Structure formats: structure tokens, C-alpha cells
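Undergrad: The following block contains the structure, expressed as C-alpha cells.
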Amino acid sequence: MSRFRQADILVELLDLSRDRIDGVRQQLNYYRASVYKDETGLLITTKIEELRLIGGLLGDLLTQEAFRDFDVMSKAGVMNYIPGECSLSKRVGNLLTALDTHLDRLQRLYVTRQGGAAVNEQEFKESIRRHRNQILALCPHGSRQWTFFQSL
């Protein structure tokens with residue numbers, strides 16, 4: 001893994017996050033139109049948990065805060081929503097908006113400007129090593145991202 005800079009790994013994680021966010025948006029559109037709300041909701045929840053894993057690996061407190069907000073909104077249930085509004089759609093929409101903002105910030109801060117490490121480089125690489133199989137499971141087999149993480 002020493003041949004890759006932390007910024008290289010961050011770029012791949014950010015790309016993987018954006019791919020997952022796009023997948024959640026597609027499922028959310030299907031969820032809104034579908035009569036199979038339970039199945040689609042489960043798929044959305046699974047993709048959000050995958051995003052949570054990636055967000056944890058990024059080591060960014062604001063990104064992790066977006067997931068905590070999502071969890072709090074989930075526990076509040078339908079109490080805070082306008083009648084007729086779908087609470088899952090609202091919660092997921094808020095989460096995706098926050099994640100987009102934080103991923104763009106991370107892109108600018110750590111990758112584009114080479115602004116230093118998000119977390120201690122050694123800890124970061126060790127965390128990636130520990131979660132390598134989980135990351136590989138998130139990547140489409142044979143994709144550029146899968147090849148990159150396979151080579152770590």
C-alpha cells in the first residue's frame with residue numbers, strides 16, 4: 001500500500017461514495033413510484049450502511065455527523081413531518097444533500113489542493129487494510145475501483 005499516497009486512496013473512496021449516492025438516488029426515485037416500498041426501502045437502507053462504512057473510513061467528523069443526524073431523524077419517526085410527506089424520502093434526501101456537500105469539501109481540501117491528510121496517514125492506511133474486503137465488496141467486480149482496492 002505504500003506505493004499509493006493517501007490522496008490517491010481518498011480519491012477512490014470519494015468516487016466510490018459518489019457511485020453509492022447515485023445508486024441511492026436511483027432507488028429513492030423507484031421507491032417513490034413503487035408499491036414495493038418494503039423491499040426498496042431495505043435496498044436503500046443497505047446502500048446507506050455501505051455509505052456509512054465509507055464515511056467512517058474517510059475519517060471526517062462532519063461526514064459522520066450527517067449519519068448521526070440521519071439516525072436521529074429515523075428515531076424521531078413521522079412526528080416531525082408534514083402529513084403526506086414520506087419520512088424515508090425526506091431523511092434520505094437530507095442525508096444525500098449533506099453527503100454531497102461534505103464530499104465536495106473533502107475533494108477540495110484533501111485532494112485538489114493537497115491540503116494534507118484527513119487523519120493520521122498510518123492509521124488511515126491501517127483502517128483501509130482492515131476494511132479492504134468490505135470495500136472490495138462495494139465495488140463492481142472488475143471495475144477500476146475494484147482493481148485499485150484489490151491492488152492495496
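By convention here, the chains of the C-alpha cells are called A, B, ... in the order presented, each chain's residues are numbered starting at 1, and ligands are numbered starting at 1 in the order presented.
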Which polymer residues have any atom within 12 Å of an atom of Asp100 (chain A), counting only C-alpha atoms, with same-chain residues fewer than 3 positions away left out, as a PyMOL selection string?

TA: chain A and resi 14-15+17-22+25+51+55+62-63+66+93-97+103-107

Undergrad: Residues as selected, C-alpha atoms, written as an mmCIF file, in the first residue's frame, can you do that?

TA:
```cif
data_model
loop_
_atom_site.group_PDB
_atom_site.id
_atom_site.type_symbol
_atom_site.label_atom_id
_atom_site.label_comp_id
_atom_site.auth_asym_id
_atom_site.auth_seq_id
_atom_site.Cartn_x
_atom_site.Cartn_y
_atom_site.Cartn_z
ATOM 1 C CA LEU A 14 -14.781 9.661 -2.786
ATOM 2 C CA ASP A 15 -15.590 8.198 -6.216
ATOM 3 C CA SER A 17 -19.114 7.250 -2.306
ATOM 4 C CA ARG A 18 -20.489 9.208 -5.229
ATOM 5 C CA ASP A 19 -21.341 5.983 -7.061
ATOM 6 C CA ARG A 20 -23.213 4.753 -3.984
ATOM 7 C CA ILE A 21 -25.018 8.094 -3.638
ATOM 8 C CA ASP A 22 -26.141 7.851 -7.275
ATOM 9 C CA ARG A 25 -30.901 8.348 -5.608
ATOM 10 C CA LEU A 51 -22.045 4.760 2.629
ATOM 11 C CA GLY A 55 -17.800 7.741 5.542
ATOM 12 C CA LEU A 62 -18.708 16.324 9.517
ATOM 13 C CA THR A 63 -19.466 13.386 7.248
ATOM 14 C CA ALA A 66 -24.526 13.641 8.682
ATOM 15 C CA GLY A 93 -32.762 13.324 0.785
ATOM 16 C CA ASN A 94 -31.330 15.315 3.691
ATOM 17 C CA LEU A 95 -28.534 12.764 4.146
ATOM 18 C CA LEU A 96 -27.594 12.767 0.458
ATOM 19 C CA THR A 97 -27.548 16.562 0.328
ATOM 20 C CA LEU A 103 -17.628 15.054 -0.200
ATOM 21 C CA ASP A 104 -17.147 18.181 -2.316
ATOM 22 C CA ARG A 105 -15.437 19.849 0.643
ATOM 23 C CA LEU A 106 -13.159 16.848 1.141
ATOM 24 C CA GLN A 107 -12.358 16.784 -2.560
#
```

Undergrad: Residues at most 9 Å from Leu13 (chain A), counting only C-alpha atoms, excluding those fewer than 2 positions away in the same chain, as a PDB file with C-alpha atoms, in the first residue's frame?

TA:
```pdb
ATOM      1  CA  ASP A   8      -4.994   8.557  -4.157  1.00  0.00           C
ATOM      2  CA  ILE A   9      -6.920   6.355  -1.759  1.00  0.00           C
ATOM      3  CA  LEU A  10      -9.162   9.265  -0.768  1.00  0.00           C
ATOM      4  CA  VAL A  11      -9.983   9.953  -4.435  1.00  0.00           C
ATOM      5  CA  ASP A  15     -15.590   8.198  -6.216  1.00  0.00           C
ATOM      6  CA  LEU A  16     -16.986   5.068  -4.604  1.00  0.00           C
ATOM      7  CA  SER A  17     -19.114   7.250  -2.306  1.00  0.00           C
ATOM      8  CA  ARG A  18     -20.489   9.208  -5.229  1.00  0.00           C
ATOM      9  CA  ILE A  54     -17.051   4.599   3.530  1.00  0.00           C
ATOM     10  CA  GLY A  55     -17.800   7.741   5.542  1.00  0.00           C
ATOM     11  CA  LEU A  57     -13.055   5.310   6.517  1.00  0.00           C
ATOM     12  CA  LEU A  58     -12.780   8.899   5.319  1.00  0.00           C
ATOM     13  CA  ILE A 135     -14.529  -2.104   0.341  1.00  0.00           C
ATOM     14  CA  GLN A 145     -12.192   0.946  -8.232  1.00  0.00           C
TER      15      GLN A 145
END
```

Undergrad: Of the residues A:Tyr36, A:Tyr31, A:Phe149, A:Phe70, which is the one nearest to Phe4 (chain A), using only C-alpha atoms?

TA: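 Among the listed residues, A:Phe149 lies closest to Phe4 (chain A).
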
Undergrad: So that I can check the surroundings of Ile44 (chain A), please list as an MDAnalysis selection string every protein, DNA and RNA residue that reaches within 9 Å of it, counting only C-alpha atoms and ignoring chain neighbours fewer than 5 positions away.

TA: chainID A and resid 23:25 27:28 31 39 49 92

Undergrad: Could you give me the residues within chain A that DSSP places in alpha helix (DSSP H), as a PyMOL selection string?

TA: chain A and resi 6-33+37-58+61-76+87-106+121-130+132-138+144-150

Undergrad: Show which residues sit within 12 Å of Ala76 (chain A), as a PDB file with C-alpha atoms, in the first residue's frame. Count only C-alpha atoms, and ignore same-chain residues fewer than 5 positions away.

TA:
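For reference, result.pdb as written:
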```pdb
ATOM      1  CA  ASP A  69     -28.402  13.348  12.038  1.00  0.00           C
ATOM      2  CA  PHE A  70     -29.945  10.688   9.798  1.00  0.00           C
ATOM      3  CA  ASP A  71     -30.150   8.287  12.743  1.00  0.00           C
ATOM      4  CA  TYR A  81     -43.001  15.557   9.005  1.00  0.00           C
ATOM      5  CA  SER A  87     -40.352  10.314   6.066  1.00  0.00           C
ATOM      6  CA  LEU A  88     -37.842   7.937   4.414  1.00  0.00           C
ATOM      7  CA  ARG A  91     -34.453  11.622   5.689  1.00  0.00           C
TER       8      ARG A  91
END
```
